[in-house]
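As structure tokens, the structure follows; a few thoughts come after it.
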Amino acid sequence: MKELSGKRPYDLLLQHAAEQMAKISPLPELALAAQEAGVSLEQAQRWFADDQALSMAVVEQQMVLLTDHLARRASAVPSDDIIGQLRALTHAYVEWFFDNPVGGRLLVSPAAVAVLSHHQVGRFSSAIYDLAQSMMERAREVGLIKADTDIPEVLLTMRALTLGIVVLQDMDHARLWGDYADPRAALTRMMDSYFDLALQRPDA
């Protein structure tokens, strides 16, 4: 668990609730999260009406962090380098899941999937998809990828790969199965390999 000292009580509460949900708990327990965060139950209940409200806040916070990380990494690449931006987006996914194992496990848990179906929280997932889709459409329009590239299929496959990365990273399978000294680098190369294959240039 990351160092929690110096965090606000509100953020501590969300952190402990996220850890509960990352263990595939259907819902975080408000009372337990408050106790672990050193927050009175009365204060916690002023912030969140019940366990469901807490779960919504937890997932929303993690989606905000993920979306912000992806956007910052993509925007760091020059706007005229569309392929570079797309590659940066895939690398950012690997980075985020390795740097935030609790958030990574949480966002693929059944509890989070259920919460993400809620419009208010699901908009973050839609924003990530829309960003990647718009980049790929721009790349296709200017001839950087094949005209017949099935963009929804590529995005779905890349999403499946990112979800698989969470499992491989969490279970240390990249190291055990591939005998890699640096699983993070190995999984980044895996994303690059699929990316290069799926977005092969028309003249390649």
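We name chains A, B, ... following the order of the structure tokens; residues begin at 1 in each chain, and ligands are numbered from 1 as shown.
Every protein or nucleic acid residue with an atom no more than 10 Å from segment 123-131 of chain A, counting only C-alpha atoms and leaving out same-chain residues fewer than 6 positions away, appears here: Glu60, Gln62, Met63, Val64, Leu66, Thr67, Asp68, Leu70, Ala71, Ala74, Leu86, Leu89, Leu116, Ser117, Pro152, Leu155, Leu156 and Arg159 of chain A.
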Give me, as a Markdown table, the closest atom pair and its distance (Å, one decimal) for every residue of segment 101-139 of chain A within a cut-off of 10 Å of segment 8-23 of chain A, counting only C-alpha atoms, rows sorted by chain and rising number.
```
| residue | atom | partner | partner_atom | distance |
| --- | --- | --- | --- | --- |
| A:Pro101 | CA | A:Ala22 | CA | 8.9 |
| A:Val102 | CA | A:Ala22 | CA | 5.9 |
| A:Gly103 | CA | A:Ala18 | CA | 7.1 |
| A:Gly104 | CA | A:Ala22 | CA | 8.0 |
| A:Arg105 | CA | A:Ala22 | CA | 5.1 |
| A:Leu106 | CA | A:Ala22 | CA | 4.1 |
| A:Leu107 | CA | A:Ala22 | CA | 7.8 |
| A:Val108 | CA | A:Ala22 | CA | 8.4 |
| A:Ser109 | CA | A:Ala22 | CA | 6.6 |
| A:Pro110 | CA | A:Met21 | CA | 9.1 |
| A:Ala111 | CA | A:Met21 | CA | 6.8 |
| A:Ala112 | CA | A:Met21 | CA | 7.8 |
```
Can those selected residues be exported to a file as a CSV table (one decimal), in the first residue's frame so that it contains C-alpha atoms?
```
chain,number,residue,atom,x,y,z
A,101,PRO,CA,-2.1,-1.6,-8.5
A,102,VAL,CA,-5.1,-0.9,-6.2
A,103,GLY,CA,-6.7,1.3,-8.8
A,104,GLY,CA,-5.9,-1.2,-11.5
A,105,ARG,CA,-7.5,-4.1,-9.6
A,106,LEU,CA,-10.4,-2.0,-8.6
A,107,LEU,CA,-11.3,-0.8,-12.1
A,108,VAL,CA,-11.6,-4.4,-13.4
A,109,SER,CA,-13.5,-5.7,-10.4
A,110,PRO,CA,-17.2,-6.6,-10.7
A,111,ALA,CA,-18.1,-3.9,-8.2
A,112,ALA,CA,-16.5,-1.2,-10.4
```
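Note that atom CA of His118 of chain A and atom CA of Leu41 of chain A are 26.1 Å apart.
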Select from segment 65-85 of chain A every residue with an atom at most 12 Å from any atom of segment 185-204 of chain A, then for each give the shortest pair of atoms and their distance in Å to one decimal, using only C-alpha atoms, rows by chain and rising number, as JSON lines.
```
{"residue": "A:Ile82", "atom": "CA", "partner": "A:Leu199", "partner_atom": "CA", "distance": 11.6}
{"residue": "A:Ile83", "atom": "CA", "partner": "A:Leu199", "partner_atom": "CA", "distance": 8.8}
{"residue": "A:Gly84", "atom": "CA", "partner": "A:Phe195", "partner_atom": "CA", "distance": 11.1}
```
Would you output that residue set with N, CA and C atoms, as a short mmCIF file (atom, residue, chain, number, x, y, z; two decimals), in the first residue's frame?
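Ended up saving to selection-v6.cif:
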```cif
data_model
loop_
_atom_site.label_atom_id
_atom_site.label_comp_id
_atom_site.auth_asym_id
_atom_site.auth_seq_id
_atom_site.Cartn_x
_atom_site.Cartn_y
_atom_site.Cartn_z
N ILE A 82 0.00 12.05 -34.70
CA ILE A 82 -1.17 11.30 -34.24
C ILE A 82 -0.79 9.90 -33.78
N ILE A 83 0.07 9.24 -34.54
CA ILE A 83 0.48 7.89 -34.18
C ILE A 83 1.25 7.92 -32.86
N GLY A 84 2.08 8.95 -32.68
CA GLY A 84 2.81 9.09 -31.43
C GLY A 84 1.89 9.28 -30.25
#
```
Among the residues of segment 7-196 of chain A, find those DSSP assigns to alpha helix (DSSP H) from the backbone and print them as a ChimeraX atom specification.
/A:9-22,30-37,41-47,51-75,82-99,101-107,110-116,119-141,151-171,173-178,183-196
How about saving the chosen residues, C-alpha atoms kept, as a compact mmCIF listing (two decimals), in the first residue's frame?
```txt
# COMPACT_ATOMS: atom_id res chain seq x y z
CA PRO A 9 -9.15 12.38 5.94
CA TYR A 10 -11.56 12.37 2.99
CA ASP A 11 -8.87 10.98 0.66
CA LEU A 12 -7.77 8.45 3.28
CA LEU A 13 -11.33 7.18 3.50
CA LEU A 14 -11.52 6.77 -0.28
CA GLN A 15 -8.13 5.03 -0.34
CA HIS A 16 -9.19 2.43 2.23
CA ALA A 17 -12.52 1.92 0.47
CA ALA A 18 -10.67 1.42 -2.84
CA GLU A 19 -8.53 -1.26 -1.24
CA GLN A 20 -11.67 -3.03 -0.03
CA MET A 21 -13.22 -2.93 -3.50
CA ALA A 22 -9.96 -4.06 -5.16
CA LEU A 30 -18.31 2.72 5.09
CA ALA A 31 -17.87 2.01 8.79
CA LEU A 32 -14.74 -0.08 8.25
CA ALA A 33 -13.20 2.42 5.82
CA ALA A 34 -13.85 5.24 8.29
CA GLN A 35 -12.24 3.27 11.10
CA GLU A 36 -9.16 2.48 9.00
CA ALA A 37 -8.88 6.12 7.90
CA LEU A 41 -18.47 7.36 11.44
CA GLU A 42 -20.58 10.49 11.87
CA GLN A 43 -18.19 12.48 9.67
CA ALA A 44 -18.04 9.72 7.07
CA GLN A 45 -21.84 9.63 6.91
CA ARG A 46 -21.91 13.36 6.30
CA TRP A 47 -19.78 12.76 3.22
CA ASP A 51 -21.90 2.14 1.08
CA GLN A 52 -23.27 2.60 -2.45
CA ALA A 53 -22.53 6.33 -2.41
CA LEU A 54 -19.02 5.61 -1.19
CA SER A 55 -18.45 3.07 -3.97
CA MET A 56 -19.51 5.65 -6.57
CA ALA A 57 -17.03 8.18 -5.18
CA VAL A 58 -14.22 5.62 -5.11
CA VAL A 59 -14.67 4.55 -8.73
CA GLU A 60 -15.12 8.14 -9.89
CA GLN A 61 -11.88 9.18 -8.18
CA GLN A 62 -9.93 6.34 -9.81
CA MET A 63 -11.40 7.13 -13.22
CA VAL A 64 -10.48 10.81 -12.80
CA LEU A 65 -6.90 9.82 -11.97
CA LEU A 66 -6.68 7.42 -14.92
CA THR A 67 -8.27 9.86 -17.39
CA ASP A 68 -5.99 12.67 -16.26
CA HIS A 69 -2.89 10.48 -16.63
CA LEU A 70 -3.86 9.33 -20.13
CA ALA A 71 -4.68 12.86 -21.29
CA ARG A 72 -1.42 14.29 -19.94
CA ARG A 73 0.68 11.59 -21.60
CA ALA A 74 -1.09 11.96 -24.96
CA SER A 75 -0.99 15.77 -24.92
CA ILE A 82 -1.17 11.30 -34.24
CA ILE A 83 0.48 7.89 -34.18
CA GLY A 84 2.81 9.09 -31.43
CA GLN A 85 -0.17 10.24 -29.39
CA LEU A 86 -1.89 6.87 -29.81
CA ARG A 87 1.27 5.04 -28.78
CA ALA A 88 1.65 7.33 -25.76
CA LEU A 89 -1.93 6.49 -24.79
CA THR A 90 -1.20 2.75 -24.77
CA HIS A 91 2.02 3.26 -22.82
CA ALA A 92 0.15 5.42 -20.32
CA TYR A 93 -2.25 2.57 -19.60
CA VAL A 94 0.63 0.26 -18.70
CA GLU A 95 2.25 2.96 -16.57
CA TRP A 96 -0.92 3.71 -14.65
CA PHE A 97 -1.75 0.10 -13.83
CA PHE A 98 1.78 -0.62 -12.65
CA ASP A 99 2.00 2.57 -10.59
CA PRO A 101 -2.07 -1.59 -8.50
CA VAL A 102 -5.05 -0.93 -6.19
CA GLY A 103 -6.72 1.29 -8.78
CA GLY A 104 -5.95 -1.22 -11.50
CA ARG A 105 -7.53 -4.14 -9.64
CA LEU A 106 -10.45 -1.98 -8.62
CA LEU A 107 -11.34 -0.82 -12.12
CA PRO A 110 -17.24 -6.65 -10.72
CA ALA A 111 -18.07 -3.87 -8.24
CA ALA A 112 -16.45 -1.21 -10.41
CA VAL A 113 -17.98 -2.56 -13.62
CA ALA A 114 -21.41 -2.23 -12.02
CA VAL A 115 -20.68 1.33 -10.90
CA LEU A 116 -19.35 2.30 -14.34
CA HIS A 119 -24.09 7.58 -16.34
CA GLN A 120 -22.37 10.04 -14.01
CA VAL A 121 -19.31 7.82 -13.58
CA GLY A 122 -19.38 6.04 -16.93
CA ARG A 123 -18.74 9.33 -18.72
CA PHE A 124 -15.06 9.02 -17.85
CA SER A 125 -14.78 5.66 -19.58
CA SER A 126 -16.63 7.11 -22.57
CA ALA A 127 -14.23 10.07 -22.65
CA ILE A 128 -11.22 7.74 -22.90
CA TYR A 129 -12.84 5.74 -25.70
CA ASP A 130 -13.87 8.90 -27.58
CA LEU A 131 -10.32 10.27 -27.33
CA ALA A 132 -8.75 7.11 -28.75
CA GLN A 133 -11.42 6.82 -31.44
CA SER A 134 -10.97 10.40 -32.59
CA MET A 135 -7.18 9.93 -32.80
CA MET A 136 -7.56 6.79 -34.89
CA GLU A 137 -10.11 8.41 -37.20
CA ARG A 138 -7.73 11.32 -37.77
CA ALA A 139 -4.91 8.91 -38.52
CA ARG A 140 -7.09 7.06 -41.04
CA GLU A 141 -8.24 10.30 -42.69
CA ILE A 151 -11.41 1.05 -35.46
CA PRO A 152 -14.00 -0.35 -32.99
CA GLU A 153 -12.39 -3.79 -33.25
CA VAL A 154 -8.89 -2.39 -32.65
CA LEU A 155 -10.09 -0.40 -29.64
CA LEU A 156 -11.89 -3.43 -28.19
CA THR A 157 -8.78 -5.59 -28.59
CA MET A 158 -6.57 -2.92 -27.02
CA ARG A 159 -9.01 -2.67 -24.12
CA ALA A 160 -8.82 -6.45 -23.67
CA LEU A 161 -5.03 -6.20 -23.66
CA THR A 162 -5.06 -3.49 -20.99
CA LEU A 163 -7.37 -5.58 -18.82
CA GLY A 164 -5.06 -8.54 -19.31
CA ILE A 165 -2.13 -6.41 -18.22
CA VAL A 166 -3.83 -5.85 -14.87
CA VAL A 167 -4.12 -9.61 -14.34
CA LEU A 168 -0.59 -10.35 -15.53
CA GLN A 169 0.89 -7.59 -13.41
CA ASP A 170 -1.13 -8.45 -10.32
CA MET A 171 -0.32 -12.18 -10.48
CA HIS A 173 2.61 -13.81 -14.64
CA ALA A 174 4.68 -11.65 -16.98
CA ARG A 175 7.73 -12.52 -14.89
CA LEU A 176 6.77 -16.16 -14.24
CA TRP A 177 5.62 -17.10 -17.75
CA GLY A 178 8.02 -14.99 -19.78
CA PRO A 183 7.59 -7.15 -16.61
CA ARG A 184 6.57 -3.53 -17.08
CA ALA A 185 8.87 -3.09 -20.06
CA ALA A 186 7.83 -6.48 -21.47
CA LEU A 187 4.13 -5.63 -21.34
CA THR A 188 4.80 -2.23 -22.91
CA ARG A 189 6.56 -4.00 -25.79
CA MET A 190 3.58 -6.35 -26.08
CA MET A 191 1.28 -3.35 -26.51
CA ASP A 192 3.64 -1.89 -29.11
CA SER A 193 3.68 -5.16 -31.04
CA TYR A 194 -0.09 -5.26 -31.32
CA PHE A 195 -0.22 -1.54 -32.04
CA ASP A 196 2.26 -1.88 -34.91
```
